[in-house]
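Novice: Have a look at this one.
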Number of protein chains: 2
Amino acid sequence: MPELRQNPATKEWVIIATERAKRPEDFSSPGSEEKPEALGICPFCEGNEDLTPPEILAYRTYGTKPNTPGWWIRIIPNKFPALVPQGNIQRSKQEDFFRYMDGMGEHEVIIESPKHDQFMPIMEQKQVEEVFLAYRERYITLSQDPRFELITIFKNHGASAGTSVKHPHSQVIATPITPMHIRNRLEEAMRFFDDNGECVFCVIMKKELAFKERIIFETDDFVVFVPFAASSPFETWVLPKKHNASFQSTTPEHTKELAYVMKTTLNKIYKSLHNPDYNFVIYSSPCREKDLEYYHWHIQIIPRVAAVAGFELGSGIFINTVIPESAAKFLREA
Amino acid sequence: MPELRQNPATKEWVIIATERAKRPEDFSSPGSEEKPEALGICPFCEGNEDLTPPEILAYRTYGTKPNTPGWWIRIIPNKFPALVPQGNIQRSKQEDFFRYMDGMGEHEVIIESPKHDQFMPIMEQKQVEEVFLAYRERYITLSQDPRFELITIFKNHGASAGTSVKHPHSQVIATPITPMHIRNRLEEAMRFFDDNGECVFCVIMKKELAFKERIIFETDDFVVFVPFAASSPFETWVLPKKHNASFQSTTPEHTKELAYVMKTTLNKIYKSLHNPDYNFVIYSSPCREKDLEYYHWHIQIIPRVAAVAGFELGSGIFINTVIPESAAKFLREA
């Protein structure tokens with residue numbers, strides 16, 4: 001059973017992932033990660049369905065059976081989950097100085113295509129729409145589970161972004177806690193709202209659209225830009241124009257437009273930076289705080305072109321070697 | 001001139017490092033970092049003093065001239081500084097939505113040895129003592145400059161820890177702001193103190209010494225342990241037993257003991273994990289808050305054996321695949 005532990009000095013939670021636990025000795029030689037592909041067999045490819053845990057959901061052709069070919073999107077439990085769907089949601093006793101709880105949660109993999117060599121930037125538009133519709137569906141389902149506080153949807157592309165599995169996939173983790181990282185964001189946004197009566201993200205968007213120089217492009221419902229204080233080169237934000245705190249608010253039509261926006265943005269990054277490793281994360285309000293006036297769901301894309309070093313770890317101040325206005329111009333023109 | 005920019009949504013500061021700025025095109029091919037050693041010449045080696053900016057301070061043999069051989073510790077301005085010692089310390093106008101200021105600060109390199117192939121874990125004890133005495137001297141000097149709010153001393157060892165320069169060196173950055181990362185820590189520690197009347201780090205130390213299983217070793221004045229909620233495998237904390245908020249409080253004798261403790265800890269990591277990349281950071285209170293009852297200076301060592309992926313970036317929850325008690329036992333017995 002994994003465990004969630006809270007740092008008593010910072011109140012930050014950490015997952016001690018016993019299901020993917022390694023013996024300390026495993027770190028003595030580099031490259032000890034599980035690599036299913038090392039065997040030459042990809043468990044995410046069509047035809048290899050029996051190499052993964054049984055599917056939770058799949059978008060598949062009428063009449064085909066679960067866990068057999070015929071799907072175009074397949075959602076499975078992570079074989080080495082950070083959190084597991086069993087266990088108790090109670091924190092340890094209040095009088096315990098070191099606070100912990102069962103590593104209860106959900107950790108799913110969204111296989112984005114039956115084909116091994118597809119990547120979101122070059123996938124067919126229709127397929128990317130299906131991926132985002134799957135995000136939406138899992139988000140809505142998981143956020144209704146009263147045990148979960150926060151749903152995080154994210155993608156790791158490439159080794160330096162934290163994955164060794166090439167087959168295109170994203171992940172969803174549902175946690176029974178709202179971490180400090182999110183609480184701090186909510187708190188700052190709330191303060192701004194209480195001072196100004198406006199959502200800080202709505203104001204950012206308005207200011208960016210007026211200033212123009214950091215905008216990459218916009219559509220009817222979304223704005224894509226490099227933020228004023230981008231923490232790394234080519235960090236990019238995707239914001240829905242309509243105020244909504246939760247990703248849950250997206251309609252299917254809206255989700256398809258988002259898929260177009262994401263594919264276009266990732267394609268610009270892919271072409272101009274030559275397929276860099278990258279992460280993206282959907283930031284959304286906690287499950288039971290979906291109508292907040294002061295928070296605004298958004299996507300952050302981080303191409304992993306710069307190392308995080310001791311100064312960033314120790315101060316939280318990131319050093320960005322590309323001027324955000326130049327990064328935006330470069331991507332805009334890509 | 002570099003620029004400090006604040007993210008209006010999170011209040012986090014970012015350095016836009018124009019002195020080390022790259023054109024966006026430079027990212028199109030990997031490995032575009034400045035690598036002085038690519039030329040086969042190390043600017044940090046004895047005899048190559050003219051390849052670096054003039055030294056700020058050096059520990060050298062009597063009678064030898066600045067910027068010539070004869071030194072055993074040499075401190076120079078970073079040739080590609082994140083912040084520069086000129087400029088204005090005023091923030092931009094309060095009515096500006098996007099807050100920024102000159103990238104004013106100090107960014108120094110501490111060359112830890114005239115020899116290229118030395119590493120702190122295997123250096124002579126005497127030399128490590130000199131390195132830590134140099135940290136202390138620079139800390140005290142810089143913290144007296146009224147323009148600086150925070151002094152961060154840190155070390156990057158290896159490419160994944162953010163350095164491509166092999167010659168052993170550490171860095172010091174003095175910033176004109178106290179970042180959210182530190183403010184959040186101070187605030188949590190203050191809350192704990194106001195509730196309990198004790199420093200949370202003092203209590204952590206007491207609990208860890210009583211529990212024993214996460215202790216690596218202790219000396220008269222220091223405790224070395226893997227924290228309860230270690231955020232990555234083998235994360236290690238070094239805490240001084242005596243309560244002090246600021247690194248400035250260390251006496252020279254104390255500093256030598258710290259050097260012994262750090263060399264011993266790093267040697268255990270070096271041997272048992274086969275010279276992994278790592279960072280360490282000295283966490284200290286802001287310069288003008290050196291007598292805080294509720295904060296406690298300490299060193300965090302992070303071997304870079306695990307990738308930071310999308311989930312960590314998006315939720316702030318780290319996934320640690322090694323149980324802290326096992327990591328401590330492994331290092332204790334190394």
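Here, A, B, ... name the chains of the structure tokens in the order displayed, residue numbers run from 1 inside each chain, and ligands are numbered from 1 in the same displayed order.
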If we count only C-alpha atoms, what is near Tyr59 (chain B) at a cut-off of 12 Å, once residues fewer than 2 positions away on the same chain are taken out, given as a ChimeraX atom specification?
Specialist: /B:55-57,61-75,110-114,127,130-131,133-134,137
Novice: Determine, counting only C-alpha atoms, which protein, DNA and RNA residues have an atom within 9 Å of an atom of Glu235 (chain B); residues of the same chain fewer than 4 positions away are not included. Present the result as a list of chain:residue names.
Specialist: B:Phe225, B:Val226, B:Pro227, B:Ala230, B:Ser231, B:Gln300, B:Ile301, B:Ile302, B:Pro303, B:Pro324, B:Ala327
Novice: Name the residues of region 135-235 of chain B that come out as helix (DSSP H, G or I) in a backbone DSSP run; write them as a PyMOL selection string.
Specialist: chain B and resi 135-143+159-161+180-196+200-211
Novice: Which residue, B:Leu292, B:Val223, B:Met205, B:Ile122, has the smallest gap to Lys263 (chain B) when you use only C-alpha atoms?
Specialist: B:Ile122
Novice: Skip Thr264 (chain A) itself and residues of its chain fewer than 4 positions away, then list as a list in words all residues within 7 Å of it, counting only C-alpha atoms.
Specialist: Pro121, Tyr260 and Lys268 of chain A
Novice: Let me make sure I understand: among A:Arg185, A:Ile323, A:Arg304, A:Met262, which one has the smallest atom-to-atom distance to Glu12 (chain B) if we use only C-alpha atoms?
Specialist: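 Smallest distance to Glu12 (chain B) is found for A:Arg185.
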Novice: Could you name the residues that touch region 155-157 of chain A at 10 Å or less, counting only C-alpha atoms, but leaving out those on the same chain fewer than 6 positions away, as number ranges by chain?
Specialist: A: 109-110, 119-120, 163-172, 275-282, 301-304; B: 308-311
Novice: Considering only C-alpha atoms, state which residue in the set B:Phe154, B:Phe247, B:Phe44, B:Phe80 is at the smallest distance from chain A.
Specialist: B:Phe154
Novice: DSSP on the backbone, then: every residue of region 84-313 of chain A marked strand (DSSP E), written as a VMD selection string.
Specialist: chain A and resid 100 to 102 106 to 111 150 to 157 169 to 175 215 to 218 222 to 225 236 to 240 278 to 283 298 to 303
Novice: Can you pull out every residue within 6 Å of Pro2 (chain B), counting only C-alpha atoms, but drop anything in the same chain fewer than 3 positions away, and send it as a PDB file with C-alpha atoms, in the first residue's frame?
Specialist:
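And here's out.pdb as it stands now:
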ATOM      1  CA  ILE B  16      14.934  36.601 -17.050  1.00  0.00           C
ATOM      2  CA  ALA B  17      18.662  36.120 -17.486  1.00  0.00           C
ATOM      3  CA  THR B  18      19.649  38.364 -20.362  1.00  0.00           C
ATOM      4  CA  GLY B 103      17.914  41.869 -12.129  1.00  0.00           C
TER       5      GLY B 103
END
Novice: If you count only C-alpha atoms, which residues fall within 8 Å of Ser232 (chain A), apart from same-chain ones fewer than 4 positions away, as a list in words?
Specialist: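 Surrounding residues, per the criterion: Ile302, Ala306, Phe318, Ile319, Asn320, Thr321 and Val322 of chain A.
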Novice: Write the residues of the selection above to a file with N, CA and C atoms, as an mmCIF file, in the first residue's frame.
Specialist:
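File again-v8.cif, as written:
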data_model
loop_
_atom_site.group_PDB
_atom_site.id
_atom_site.type_symbol
_atom_site.label_atom_id
_atom_site.label_comp_id
_atom_site.auth_asym_id
_atom_site.auth_seq_id
_atom_site.Cartn_x
_atom_site.Cartn_y
_atom_site.Cartn_z
ATOM 1 N N ILE A 302 5.316 22.794 -20.660
ATOM 2 C CA ILE A 302 6.711 23.091 -20.337
ATOM 3 C C ILE A 302 7.646 22.240 -21.185
ATOM 4 N N ALA A 306 15.620 23.114 -20.334
ATOM 5 C CA ALA A 306 16.550 23.680 -19.357
ATOM 6 C C ALA A 306 16.551 22.809 -18.112
ATOM 7 N N PHE A 318 13.109 30.556 -10.588
ATOM 8 C CA PHE A 318 13.615 29.931 -11.794
ATOM 9 C C PHE A 318 14.380 30.944 -12.623
ATOM 10 N N ILE A 319 15.402 30.465 -13.297
ATOM 11 C CA ILE A 319 16.198 31.312 -14.185
ATOM 12 C C ILE A 319 15.820 30.941 -15.610
ATOM 13 N N ASN A 320 15.279 31.890 -16.321
ATOM 14 C CA ASN A 320 14.836 31.657 -17.701
ATOM 15 C C ASN A 320 15.782 32.395 -18.639
ATOM 16 N N THR A 321 16.413 31.663 -19.544
ATOM 17 C CA THR A 321 17.413 32.278 -20.420
ATOM 18 C C THR A 321 16.828 32.765 -21.746
ATOM 19 N N VAL A 322 15.514 32.654 -21.909
ATOM 20 C CA VAL A 322 14.901 33.199 -23.123
ATOM 21 C C VAL A 322 13.857 34.246 -22.733
#
